[in-house]
Amino acid sequence: MKRDLMEILCCPMCKGDLVLEVTEENEKEIVKGTLFCGKCNEYYPIDDGIPNMLPPELRE
Amino acid sequence: MAINSVNLFDKNWERYDDWFEKNKNTYSSELKALKKVIPEGFGLEVGVGSGRFAQPLGAKIGIDPSRNMLKLAKKRGIKVILGEGENLPFKDFTFDFVLIVVTLCFVDNPENILNEASRVLKMEGRLIVGEINRESQLGQLYEAKREKSEFYKLAAFYSGNEIIEMFNKAGIRYVESYQTLTESLEMEEEPKKGADRGGFVVIAGVKD
C-alpha cells in the first residue's frame, strides 16, 4: 500500500486512528507491516502490499 | 458479505473476470448507465472485485473481502484494501462518491453496507448503486438460473424501488436513476431514465 492511504484509513471496528509500522518497503509502496489500533488492541497486517482490514473474526 | 460468497469469489476469480471479456456488450451497456451519474472527485468502490468498474469509472480506492480479486484490481491501478463493506476502515466524510455494483445482491444485510457508505461520504457526496433489477426480464432469468449457477444461487435480487427505499433508510436522498438491458443482451444499449424495467439499474443519491 502507498503511504498516503494512511490519510483515510481508520480501524474498521471503532473507527479510531491507526499506528503504522513498516517492516518492508520498496520504492513504490509498503510491502509488509502492521496497522495497530490502540483502542481495540488489535493489529491489522499488511501483506504483499495489501492491508488486511477485515474484522479480526473474519481473517484467514 | 456472507462468508460463502467470499469463498466463492476468491476461488473463482478467473472465471469471474473472464465474464467481462465474454459479455462485452452487456458490460459496456452497464458502464454507460453508470457513467451517467458518476461525479468528479475522490471515489471508493465497495465490493471492487477485479476492478472492472472502478477502473473505467475513476474510483481510486477499492475494498473487497477476496484477496485474489484484489490482486487483479491492483494491477488495474486501483489502491486496494482487503475488508468488508459492513465495517469500512475509512474515516467519516472521506469520499466524493461511493460506488456499489452488483454487490448488494450478495450481502446478508444491505442496510449495513449502505449505512457505512453513507458515513464515509462527504456532505453532498454521491452514493451510486448498480444492480440487477429483480422486476425485469433479466432479473427473472437470473432468478430462474439460481438453482444451477454457482455464483447466483447465493444472490438475493431487489427491484429499483426497493433500492430507493434502502437509500431513504440510510439517510441518502434519492436523486436520479438510469436503466439499461431493457430488451436484449446481444446489443450495446444507451441508458434510459428510470429503474422500473431495465435488467441493470443505476440508482444515485446524495448525503445531505
# chains A, B, ... in the order shown; residues from 1 in each chain; ligands from 1

call {"tool": "residues_around", "arguments": {"residues": "Glu42 of chain A", "least_positions_apart": "4", "cutoff": "9 Å", "atoms": "only C-alpha atoms", "output": "PDB file with all heavy atoms, in the first residue's frame"}}
result
ATOM      1  N   CYS A  11      -9.514   2.295  12.029  1.00  0.00           N
ATOM      2  CA  CYS A  11      -9.882   0.951  12.482  1.00  0.00           C
ATOM      3  C   CYS A  11     -11.293   0.630  11.968  1.00  0.00           C
ATOM      4  O   CYS A  11     -12.205   1.433  12.141  1.00  0.00           O
ATOM      5  CB  CYS A  11      -9.831   0.900  14.007  1.00  0.00           C
ATOM      6  SG  CYS A  11     -10.460  -0.670  14.667  1.00  0.00           S
ATOM      7  N   LEU A  35      -0.832  -2.329  10.947  1.00  0.00           N
ATOM      8  CA  LEU A  35      -1.583  -1.150  11.348  1.00  0.00           C
ATOM      9  C   LEU A  35      -2.179  -1.508  12.701  1.00  0.00           C
ATOM     10  O   LEU A  35      -2.901  -2.492  12.822  1.00  0.00           O
ATOM     11  CB  LEU A  35      -2.673  -0.844  10.318  1.00  0.00           C
ATOM     12  CG  LEU A  35      -2.149  -0.403   8.946  1.00  0.00           C
ATOM     13  CD1 LEU A  35      -3.173  -0.676   7.858  1.00  0.00           C
ATOM     14  CD2 LEU A  35      -1.775   1.067   8.969  1.00  0.00           C
ATOM     15  N   PHE A  36      -1.857  -0.712  13.721  1.00  0.00           N
ATOM     16  CA  PHE A  36      -2.263  -1.041  15.088  1.00  0.00           C
ATOM     17  C   PHE A  36      -3.329  -0.080  15.598  1.00  0.00           C
ATOM     18  O   PHE A  36      -3.183   1.142  15.474  1.00  0.00           O
ATOM     19  CB  PHE A  36      -1.034  -1.010  16.013  1.00  0.00           C
ATOM     20  CG  PHE A  36      -1.369  -1.253  17.466  1.00  0.00           C
ATOM     21  CD1 PHE A  36      -1.855  -2.492  17.882  1.00  0.00           C
ATOM     22  CD2 PHE A  36      -1.203  -0.247  18.409  1.00  0.00           C
ATOM     23  CE1 PHE A  36      -2.169  -2.721  19.224  1.00  0.00           C
ATOM     24  CE2 PHE A  36      -1.510  -0.473  19.756  1.00  0.00           C
ATOM     25  CZ  PHE A  36      -1.999  -1.712  20.153  1.00  0.00           C
ATOM     26  N   CYS A  37      -4.424  -0.653  16.147  1.00  0.00           N
ATOM     27  CA  CYS A  37      -5.442   0.166  16.807  1.00  0.00           C
ATOM     28  C   CYS A  37      -5.258   0.015  18.319  1.00  0.00           C
ATOM     29  O   CYS A  37      -5.471  -1.071  18.866  1.00  0.00           O
ATOM     30  CB  CYS A  37      -6.852  -0.273  16.398  1.00  0.00           C
ATOM     31  SG  CYS A  37      -8.124   0.594  17.364  1.00  0.00           S
ATOM     32  N   GLY A  38      -4.851   1.106  18.976  1.00  0.00           N
ATOM     33  CA  GLY A  38      -4.589   1.090  20.412  1.00  0.00           C
ATOM     34  C   GLY A  38      -5.857   0.868  21.227  1.00  0.00           C
ATOM     35  O   GLY A  38      -5.858   0.192  22.254  1.00  0.00           O
ATOM     36  N   PRO A  56     -11.324  -8.859  12.863  1.00  0.00           N
ATOM     37  CA  PRO A  56     -10.471  -9.967  13.323  1.00  0.00           C
ATOM     38  C   PRO A  56     -11.104 -11.345  13.159  1.00  0.00           C
ATOM     39  O   PRO A  56     -10.432 -12.294  12.756  1.00  0.00           O
ATOM     40  CB  PRO A  56     -10.247  -9.634  14.795  1.00  0.00           C
ATOM     41  CG  PRO A  56     -10.364  -8.150  14.854  1.00  0.00           C
ATOM     42  CD  PRO A  56     -11.341  -7.740  13.805  1.00  0.00           C
TER      43      PRO A  56
END

call {"tool": "interface_residues", "arguments": {"of": "chain A", "to": "chain B", "cutoff": "10 Å", "atoms": "only C-alpha atoms", "output": "list of chain:residue names"}}
result
A:Met1, A:Lys2, A:Leu5, A:Met6, A:Glu7, A:Ile8, A:Leu9, A:Cys10, A:Cys11, A:Pro12, A:Met13, A:Cys14, A:Lys15, A:Gly16, A:Asp17, A:Ile46, A:Asp48, A:Gly49, A:Ile50, A:Pro51, A:Asn52, A:Met53, A:Leu54, A:Pro55, A:Leu58, A:Arg59

call {"tool": "atom_distance", "arguments": {"atom1": "atom CA of Lys11 of chain B", "atom2": "atom CA of Ile30 of chain A"}}
result
26.3 Å

call {"tool": "closest_residue", "arguments": {"among": "B:Ala54, B:Ala59, B:Ala170, B:Ile113", "to": "Lys207 of chain B", "atoms": "only C-alpha atoms"}}
result
B:Ala170

call {"tool": "atom_distance", "arguments": {"atom1": "atom CA of Gly160 of chain B", "atom2": "atom CA of Val201 of chain B"}}
result
6.6 Å

call {"tool": "select_by_dssp", "arguments": {"residues": "chain A", "states": "strand (DSSP E)", "output": "list in words"}}
result
Val19, Leu20, Glu21, Val22, Thr23, Glu24, Glu25, Ile30, Val31, Lys32, Gly33, Thr34, Leu35, Phe36, Cys37, Glu42, Tyr43, Tyr44, Pro45, Ile46, Asp47, Ile50 and Pro51 of chain A

call {"tool": "write_last_selection", "arguments": {"atoms": "N, CA and C atoms", "output": "mmCIF file, in the first residue's frame"}}
result
data_model
loop_
_atom_site.group_PDB
_atom_site.id
_atom_site.type_symbol
_atom_site.label_atom_id
_atom_site.label_comp_id
_atom_site.auth_asym_id
_atom_site.auth_seq_id
_atom_site.Cartn_x
_atom_site.Cartn_y
_atom_site.Cartn_z
ATOM 1 N N VAL A 19 -1.806 3.123 14.013
ATOM 2 C CA VAL A 19 -0.363 3.390 14.005
ATOM 3 C C VAL A 19 0.302 2.426 13.021
ATOM 4 N N LEU A 20 1.029 3.007 12.072
ATOM 5 C CA LEU A 20 1.675 2.212 11.027
ATOM 6 C C LEU A 20 3.065 1.776 11.460
ATOM 7 N N GLU A 21 3.346 0.478 11.282
ATOM 8 C CA GLU A 21 4.713 0.002 11.474
ATOM 9 C C GLU A 21 5.124 -0.758 10.218
ATOM 10 N N VAL A 22 6.225 -0.300 9.621
ATOM 11 C CA VAL A 22 6.664 -0.867 8.345
ATOM 12 C C VAL A 22 7.799 -1.847 8.577
ATOM 13 N N THR A 23 7.684 -3.054 8.023
ATOM 14 C CA THR A 23 8.809 -3.998 8.107
ATOM 15 C C THR A 23 9.495 -4.152 6.749
ATOM 16 N N GLU A 24 8.769 -3.864 5.659
ATOM 17 C CA GLU A 24 9.380 -3.931 4.330
ATOM 18 C C GLU A 24 8.742 -2.906 3.417
ATOM 19 N N GLU A 25 9.594 -2.125 2.747
ATOM 20 C CA GLU A 25 9.089 -1.082 1.848
ATOM 21 C C GLU A 25 9.999 -1.002 0.633
ATOM 22 N N ILE A 30 4.547 0.299 0.665
ATOM 23 C CA ILE A 30 4.809 -0.523 1.837
ATOM 24 C C ILE A 30 4.380 -1.949 1.491
ATOM 25 N N VAL A 31 5.312 -2.890 1.579
ATOM 26 C CA VAL A 31 5.028 -4.276 1.186
ATOM 27 C C VAL A 31 4.538 -5.097 2.385
ATOM 28 N N LYS A 32 5.182 -4.860 3.525
ATOM 29 C CA LYS A 32 4.851 -5.641 4.716
ATOM 30 C C LYS A 32 4.896 -4.756 5.951
ATOM 31 N N GLY A 33 3.966 -5.007 6.857
ATOM 32 C CA GLY A 33 3.942 -4.220 8.084
ATOM 33 C C GLY A 33 2.660 -4.471 8.853
ATOM 34 N N THR A 34 2.359 -3.565 9.765
ATOM 35 C CA THR A 34 1.101 -3.683 10.527
ATOM 36 C C THR A 34 0.478 -2.319 10.726
ATOM 37 N N LEU A 35 -0.832 -2.329 10.947
ATOM 38 C CA LEU A 35 -1.583 -1.150 11.348
ATOM 39 C C LEU A 35 -2.179 -1.508 12.701
ATOM 40 N N PHE A 36 -1.857 -0.712 13.721
ATOM 41 C CA PHE A 36 -2.263 -1.041 15.088
ATOM 42 C C PHE A 36 -3.329 -0.080 15.598
ATOM 43 N N CYS A 37 -4.424 -0.653 16.147
ATOM 44 C CA CYS A 37 -5.442 0.166 16.807
ATOM 45 C C CYS A 37 -5.258 0.015 18.319
ATOM 46 N N GLU A 42 -5.634 -4.158 18.641
ATOM 47 C CA GLU A 42 -5.710 -5.083 17.509
ATOM 48 C C GLU A 42 -4.706 -4.678 16.420
ATOM 49 N N TYR A 43 -4.007 -5.698 15.865
ATOM 50 C CA TYR A 43 -3.081 -5.452 14.757
ATOM 51 C C TYR A 43 -3.735 -5.873 13.437
ATOM 52 N N TYR A 44 -3.670 -5.022 12.442
ATOM 53 C CA TYR A 44 -4.121 -5.366 11.089
ATOM 54 C C TYR A 44 -2.889 -5.520 10.204
ATOM 55 N N PRO A 45 -2.660 -6.729 9.633
ATOM 56 C CA PRO A 45 -1.426 -6.952 8.876
ATOM 57 C C PRO A 45 -1.453 -6.376 7.462
ATOM 58 N N ILE A 46 -0.298 -5.947 6.974
ATOM 59 C CA ILE A 46 -0.129 -5.590 5.567
ATOM 60 C C ILE A 46 0.745 -6.689 4.954
ATOM 61 N N ASP A 47 0.190 -7.412 3.967
ATOM 62 C CA ASP A 47 0.935 -8.488 3.300
ATOM 63 C C ASP A 47 0.886 -8.286 1.795
ATOM 64 N N ILE A 50 -0.917 -5.328 0.443
ATOM 65 C CA ILE A 50 -2.365 -5.146 0.643
ATOM 66 C C ILE A 50 -2.700 -5.161 2.135
ATOM 67 N N PRO A 51 -3.252 -4.041 2.655
ATOM 68 C CA PRO A 51 -3.639 -4.041 4.070
ATOM 69 C C PRO A 51 -4.864 -4.909 4.297
#

call {"tool": "select_by_dssp", "arguments": {"residues": "segment 116-173 of chain B", "states": "helix (DSSP H, G or I)", "output": "list in words"}}
result
Glu116, Ala117, Ser118, Arg119, Val120, Gln137, Leu138, Gly139, Gln140, Leu141, Tyr142, Glu143, Ala144, Lys145, Tyr152, Lys153, Leu154, Gly160, Asn161, Glu162, Ile163, Ile164, Glu165, Met166, Phe167, Asn168 and Lys169 of chain B

call {"tool": "residues_around", "arguments": {"residues": "Leu141 of chain B", "least_positions_apart": "5", "cutoff": "12 Å", "atoms": "only C-alpha atoms", "output": "list in words"}}
result
Ile132, Asn133, Arg134, Glu135, Ser136, Arg146, Glu147, Lys148, Ser149, Tyr152, Phe157, Leu185 and Gly199 of chain B

call {"tool": "atom_distance", "arguments": {"atom1": "atom CA of Ile163 of chain B", "atom2": "atom CA of Arg119 of chain B"}}
result
17.8 Å

call {"tool": "residues_around", "arguments": {"residues": "segment 30-32 of chain B", "least_positions_apart": "3", "cutoff": "8 Å", "atoms": "only C-alpha atoms", "output": "list in words"}}
result
Thr26, Tyr27, Lys35, Lys36, Phe53, Pro56, Leu57, Thr180, Leu181, Glu190, Pro191 and Phe200 of chain B

call {"tool": "write_last_selection", "arguments": {"atoms": "all heavy atoms", "output": "compact mmCIF listing (two decimals), in the first residue's frame"}}
result
# COMPACT_ATOMS: atom_id res chain seq x y z
N THR B 26 -22.93 -6.41 -22.83
CA THR B 26 -23.62 -6.24 -21.55
C THR B 26 -22.79 -5.34 -20.63
O THR B 26 -23.31 -4.36 -20.06
CB THR B 26 -23.81 -7.62 -20.85
OG1 THR B 26 -24.45 -8.49 -21.78
CG2 THR B 26 -24.65 -7.50 -19.60
N TYR B 27 -21.52 -5.65 -20.53
CA TYR B 27 -20.59 -4.88 -19.70
C TYR B 27 -20.56 -3.41 -20.14
O TYR B 27 -20.67 -2.49 -19.32
CB TYR B 27 -19.21 -5.54 -19.81
CG TYR B 27 -18.06 -4.84 -19.13
CD1 TYR B 27 -18.18 -4.23 -17.88
CD2 TYR B 27 -16.79 -4.83 -19.73
CE1 TYR B 27 -17.09 -3.63 -17.27
CE2 TYR B 27 -15.70 -4.23 -19.12
CZ TYR B 27 -15.85 -3.63 -17.89
OH TYR B 27 -14.77 -3.03 -17.29
N LYS B 35 -21.88 5.66 -15.98
CA LYS B 35 -21.18 6.92 -16.30
C LYS B 35 -22.11 8.13 -16.23
O LYS B 35 -21.66 9.25 -15.98
CB LYS B 35 -20.55 6.83 -17.69
CG LYS B 35 -19.16 6.21 -17.65
CD LYS B 35 -18.53 6.14 -19.02
CE LYS B 35 -17.20 5.38 -18.92
NZ LYS B 35 -16.81 4.78 -20.19
N LYS B 36 -23.41 7.90 -16.44
CA LYS B 36 -24.40 8.99 -16.40
C LYS B 36 -24.43 9.69 -15.04
O LYS B 36 -24.80 10.86 -14.95
CB LYS B 36 -25.80 8.42 -16.67
CG LYS B 36 -26.06 8.11 -18.12
CD LYS B 36 -26.44 9.37 -18.84
CE LYS B 36 -26.88 9.12 -20.26
NZ LYS B 36 -26.99 10.41 -20.98
N PHE B 53 -15.15 -2.22 -12.84
CA PHE B 53 -15.96 -1.00 -12.84
C PHE B 53 -15.15 0.19 -12.31
O PHE B 53 -15.19 1.27 -12.87
CB PHE B 53 -17.26 -1.20 -12.05
CG PHE B 53 -18.22 -2.12 -12.74
CD1 PHE B 53 -18.33 -3.45 -12.36
CD2 PHE B 53 -19.00 -1.66 -13.80
CE1 PHE B 53 -19.21 -4.31 -13.03
CE2 PHE B 53 -19.88 -2.51 -14.47
CZ PHE B 53 -19.98 -3.84 -14.08
N PRO B 56 -12.57 1.94 -15.17
CA PRO B 56 -13.11 2.86 -16.18
C PRO B 56 -13.95 4.00 -15.60
O PRO B 56 -14.12 5.03 -16.25
CB PRO B 56 -13.97 1.96 -17.08
CG PRO B 56 -14.23 0.73 -16.30
CD PRO B 56 -13.08 0.57 -15.35
N LEU B 57 -14.45 3.85 -14.37
CA LEU B 57 -15.31 4.88 -13.78
C LEU B 57 -14.53 5.83 -12.86
O LEU B 57 -15.09 6.75 -12.28
CB LEU B 57 -16.47 4.24 -13.02
CG LEU B 57 -17.42 3.41 -13.91
CD1 LEU B 57 -18.40 2.62 -13.05
CD2 LEU B 57 -18.18 4.31 -14.88
N THR B 180 -30.63 0.07 -18.15
CA THR B 180 -30.18 -0.46 -19.44
C THR B 180 -30.49 -1.95 -19.47
O THR B 180 -31.05 -2.48 -18.51
CB THR B 180 -28.68 -0.16 -19.65
OG1 THR B 180 -28.33 -0.47 -21.00
CG2 THR B 180 -27.80 -0.99 -18.72
N LEU B 181 -30.14 -2.61 -20.57
CA LEU B 181 -30.50 -4.03 -20.76
C LEU B 181 -32.03 -4.18 -20.63
O LEU B 181 -32.52 -5.07 -19.94
CB LEU B 181 -29.78 -4.93 -19.75
CG LEU B 181 -28.26 -4.72 -19.61
CD1 LEU B 181 -27.70 -5.67 -18.56
CD2 LEU B 181 -27.53 -4.92 -20.93
N GLU B 190 -28.06 2.24 -25.15
CA GLU B 190 -27.94 3.54 -24.50
C GLU B 190 -28.83 3.56 -23.25
O GLU B 190 -29.95 3.07 -23.29
CB GLU B 190 -28.38 4.66 -25.45
CG GLU B 190 -27.45 4.87 -26.64
CD GLU B 190 -26.01 5.18 -26.23
OE1 GLU B 190 -25.80 5.98 -25.29
OE2 GLU B 190 -25.10 4.62 -26.85
N PRO B 191 -28.31 4.12 -22.15
CA PRO B 191 -29.12 4.14 -20.92
C PRO B 191 -30.36 5.03 -21.05
O PRO B 191 -30.34 6.04 -21.76
CB PRO B 191 -28.16 4.69 -19.87
CG PRO B 191 -27.03 5.32 -20.61
CD PRO B 191 -26.97 4.69 -21.95
N PHE B 200 -30.49 -4.00 -15.79
CA PHE B 200 -29.48 -3.40 -14.92
C PHE B 200 -29.92 -1.98 -14.60
O PHE B 200 -30.21 -1.19 -15.51
CB PHE B 200 -28.12 -3.39 -15.64
CG PHE B 200 -26.99 -2.86 -14.81
CD1 PHE B 200 -26.37 -3.64 -13.84
CD2 PHE B 200 -26.50 -1.57 -15.01
CE1 PHE B 200 -25.31 -3.15 -13.08
CE2 PHE B 200 -25.43 -1.07 -14.27
CZ PHE B 200 -24.84 -1.87 -13.30

call {"tool": "residues_around", "arguments": {"residues": "Gly58 of chain B", "least_positions_apart": "3", "cutoff": "10 Å", "atoms": "only C-alpha atoms", "output": "list in words"}}
result
Lys35, Ile38, Pro39, Glu40, Gly41, Phe42, Gly43, Leu44, Glu45, Phe53, Ala54, Gln55, Ile61 and Ile78 of chain B

call {"tool": "write_last_selection", "arguments": {"atoms": "C-alpha atoms", "output": "compact mmCIF listing (two decimals), in the first residue's frame"}}
result
# COMPACT_ATOMS: atom_id res chain seq x y z
CA LYS B 35 -21.18 6.92 -16.30
CA ILE B 38 -20.60 9.39 -11.62
CA PRO B 39 -19.41 12.77 -10.33
CA GLU B 40 -15.91 14.24 -10.33
CA GLY B 41 -13.70 13.66 -7.33
CA PHE B 42 -12.33 11.05 -4.97
CA GLY B 43 -14.19 7.75 -5.21
CA LEU B 44 -14.45 4.39 -3.43
CA GLU B 45 -15.87 1.17 -4.82
CA PHE B 53 -15.96 -1.00 -12.84
CA ALA B 54 -13.68 1.07 -10.60
CA GLN B 55 -11.01 1.48 -13.28
CA ILE B 61 -9.91 3.22 -3.89
CA ILE B 78 -6.73 0.71 -8.01

call {"tool": "closest_residue", "arguments": {"among": "B:Asn25, B:Glu165, B:Tyr174, B:Asn12", "to": "Glu188 of chain B", "atoms": "only C-alpha atoms"}}
result
B:Asn25

call {"tool": "closest_residue", "arguments": {"among": "B:Ser5, B:Asn161, B:Arg52, B:Glu111", "to": "Phe20 of chain B", "atoms": "only C-alpha atoms"}}
result
B:Arg52
